[in-house]
Amino acid sequence: MALPRSTSLKIANFLIFSLILPFETCIAQRQVILPEGPLVRAEGRHVTIECKVRGTRPLQEQSFEWSVTLPERPTWKIQIISTHDPDYTYAMYSQRVESGEIYVERIKSNSSRLHITNLRKSDEGIYDCHTPNMEDVYWGSYNAFTKLTVIPDTLSATLVPQVINKVEGDSLELVCEVSKQTPYHTHVAVTWYLEKGGQEVQVISLTRDFILSTGELYKQRHESGDVRLDKMGATSFRLTVHKLQRSEQGQFHCQSVEWMQDPDKSWQKLSERRTQNVTVNVRSLGKEFRSLIKAKEVNINVGGSLEITCMVEAQNPAERFFTVVWFLNNDEIVRMEPSAVLSFHGEYGARENLGKLAVRKKDDKEYVLKLYQITMEDGGRYHCQVEESEKVTMGAFSSNRSEEIVITVQRPQADLKVEISINATNVLEGDVLQFACNVRSGATVPGQLSVIWQFMDKHNVKSDIIEMQQNGVQVTAPPYRERVGHGEIRMARVGSDTFTLGIYDARISDEGLYSCKVMEWTAVLNQNWKLIGEYVSSDKAVTITSLESIFKVIAITRTPTARYYGTFELQCFIQPAIINHLPIDVSWKFQPANSTESFHLVTFSHDTAIEWGDKAVSFKGKMIVAKTASNTVRLRVSSVSSLEAGKFLCDAVLWKRQRPNQWVRIVSVTSNILQVVVQAPVSRLQLAQGDTTIWKRVSDVIELDCKIFAQTRNDSQFSVSWLFKKPQAQKEITLLTIDRNNVIRYNKELRASDQDGTKMRVEKTLRDHYKLIIGKADVNDHGNYCCAVTEWLLDPNNVWYKVGKAVSAATTVQVHTPDANLQVADTERRESLKEDAAFELECIINNQTQASSQFSVTWFFESEGQPKAPRRELLHTDRDNIQRYLANITADSHKSTLQSVKVSSNNYKLIMTSVAPGDSGVYYCRVEEWVTNGQNQWALQGSDESGRTTLCVQPSAVTLHTKACASPSLFYFLFVYPFIIFIVLFVLVVYFYLNPKKPQKSSQENNFWAPIEPINDDLKNEEDTSVI
């Protein structure tokens, strides 16, 4: 089917457009380009940012729109300026755009440049160059962004403005100070310029790449070394021009430029500074020369210094030969030849020998004459004369005389003020006294001074100590010559107007008043002196405290109690602390505990030597003695034992140096006593404490264990004694003892009866396990056995000492004969009872060895369902029918309900009057049969246990009554408290019933201002009311 013509044309146009459009977009994709940021620029400078567009039609003019995003408002875009829309600018930029401070420069049809002529800190931000689309389709980018950072302009360049007059051939030096504080890495370029005739000529420059570059007119002079640019330090750039020429007269200035490299590696000018001008005048003298004279001061006091400079003004003075002559009142006084040879006239040669005259050539143009300690005769008219000769040895062919200057020498007025100062007015004996005598004058310079230090003692006797004369010679008064000779007293002049006196070993006799006397002198002819004035300072009082009155020592310790192998530290404080510069001997003494004798331990001498005592045997290798800067001597004793326990004290001896290598003892003091206690370790020895009973037959072997469960230290050693007590005996006997060295000592009586040594022996199976073995037991071995263990430790002095002692629990040994015929009923039964019911248990002896046998019965209890629980011995009845509650149930609440009854000679019964659920368990008895032996003594014949009876106690039903009776608090809450409340309520009801409410008083009685009735009337009214 054929398509309509219009439809065919649309399809054709679509296919053509689809083919052409991709081709155009591939070859003409738009791209907006801005310089890569961040762009760092200085505040106040002219800044430009160029924006280019690629991929547009060649003849089409592109529009540009500039906007910025500020850091404080990152989401706001602020429009600055547009090339096509005059209303594009926001209000905050409109004034700057209208004034031309911000404008856009079109470079080409597809590029423009944004200008900000006065950059501000507020201009910092991200700039957006937007290029509106001028075509029918969108393809590529239409915006570009860059960041602009604004920093302060810190560049500065300084050149001191001045006028310099030079002669042709002289040298010129100018220094330009350039500094910056930019936080980024920048380079500085410095260029020197010369301005003359309205033109600016480049002299020399240091580029940003640190390369020296000269102007066209100065290239040759730079190569010859006449023009230099030197960088001195970090900020100074010095221009040096040698052999100045007339053409170099003009104004010099330097210009500095700070450069910074952008991210695209291009250099941008960050800032620029130009200094003020220095005017340089250069004149040519040719062969002529001129002499000039100047003086540093023209009005000088007697005794001062005079400096006169003669200057030669000539061209190329270094290549010419000049002689300089100084005149006073037209009389020649000094001459300096070209070879620097000096010649003097009159007394000036002698003054040069005394160091009171000096002549020197400062440079090729300046010659200096200096006079010291001038007199009145040195005043007058001075001039200098310069003579030029062809060579050094030839006579002068030309001369030039300078103008005259008048020097006035004045005699100073006597207006001195003398003040005395001191380092301290109250010092210790042996301290340093430092006096200073300060001479103050008015406007005039004082002449030569002599100073005498004077002293007035307690008896108001004034005497001289030492004097320094005007010529510097010191004279010492006779009483002080020895002390001055040993350096104890010194005088010095530390300044032109300051004199010091030092007393470096103050004595008690130095206490008193001190003053200084100053005399002013002027020099006259023939080396004589004339006294001008005399001045005396005010007195300064000095108090000297004796060391004996304040010197003391205190002994302290923070460890008065120490343990074996521990450490204690003693400190000896020397007071006061201000004497720490004096030499002191400190000795520690020791008195052992339980002793009245003391001996010397250690001495820390004043020359830092340490002397150890001869008797301190136990302290050797344990003591550390140290002295601190604060005059504290510490004694530290480690690894202590009882031998180091006792009393300690320290002695201190104060010394002072009387002469070199000669020491004098001033005073000695003794401290308080320190008591140090050394405690032995607390014994942790622990043995078995549960009493046990074992039954043996005659001729059996008895083994008794002595087990040590805990000890004080792992290196403890033990001595063990075995003790034995017969049933009827009053005291124990020691069977044998094994000491810590495993040496066994037997009881002498037992040893005599056991000749072959097989009856009894001891074994040490383990380090903490001892065993007593008794062979061939007989009835005499019946009784109680225990072991007594003594623990020993080795103290720090390698001496064994006893730490503690412990005795084990008793082990009862029952020995019976093998023909025992004892038999106890062994019937097993089970019984169930209710709580609070009575319980009876029989122990029936069915058979016995002898008719006269006697029995002892012990009742036992075991908890049911706890196979590992130990059995409990409840009650024991001996053969004399005496009952004894055993130790492990002494505090049991059922003691009062538990008793043993002997029903017949062969029937015993255990009775519990009231059982509780906790009494459920297994009960049985053990019977011991006792018979008499040949010695009519009771001996254990044998023993036997009954069968087990299992008791089960069922708890009774719980009711409110039982709960209340069982709980006192619940009982009071349910019965007592309600009863009390009922009684109170009943009393209140009866009270209100018997006392009805009285009628209300009248308003007059209720009135606050009602008159107060007499007390008697009130009582009468009350009586009347009660009668009614």
# chains A, B, ... in the order shown; residues from 1 in each chain; ligands from 1

$ select_by_dssp --residues "stretch 198-317 of chain A" --states "strand (DSSP E or B)" --output "MDAnalysis selection string"
chainID A and resid 199:206 212:214 227:232 236:241 250:261 267:274 278:283 289:295 299:301 306:314

$ select_by_dssp --residues "stretch 448-664 of chain A" --states "alpha helix (DSSP H)" --output "MDAnalysis selection string"
chainID A and resid 481:485

$ closest_residue --among "A:Val439, A:Ile465, A:Ala555, A:Ala825" --to "A:Glu534" --atoms "only C-alpha atoms"
A:Val439

$ closest_residue --among "A:Ala629, A:Val325, A:Met456, A:Val824" --to "A:Ser399" --atoms "only C-alpha atoms"
A:Val325

$ closest_residue --among "A:Asn742, A:Asn784, A:Asn277, A:Asn995" --to "A:Thr765" --atoms "only C-alpha atoms"
A:Asn742

$ atom_distance --atom1 "atom CA of A:Trp800" --atom2 "atom CA of A:Ile624"
25.5 Å

$ residues_around --residues "stretch 168-170 of chain A" --least-positions-apart "5" --cutoff "12 Å" --atoms "only C-alpha atoms" --output "list in words"
Asp226, Thr240, Val241, His242, Lys243, Leu244, Gln245, Arg246, Ser247, Glu248, Gln249, Val280, Asn281, Val282, Arg283, Ser284, Leu285, Gly286, Lys287, Glu313, Ala314, Gln315, Asn316, Pro317, Ala318, Glu319, Asp364 and Lys365 of chain A

$ residues_around --residues "A:Ser943" --least-positions-apart "4" --cutoff "6 Å" --atoms "only C-alpha atoms" --output "VMD selection string"
chain A and resid 927 to 929

$ atom_distance --atom1 "atom CA of A:Leu194" --atom2 "atom CA of A:Ser156"
19.9 Å
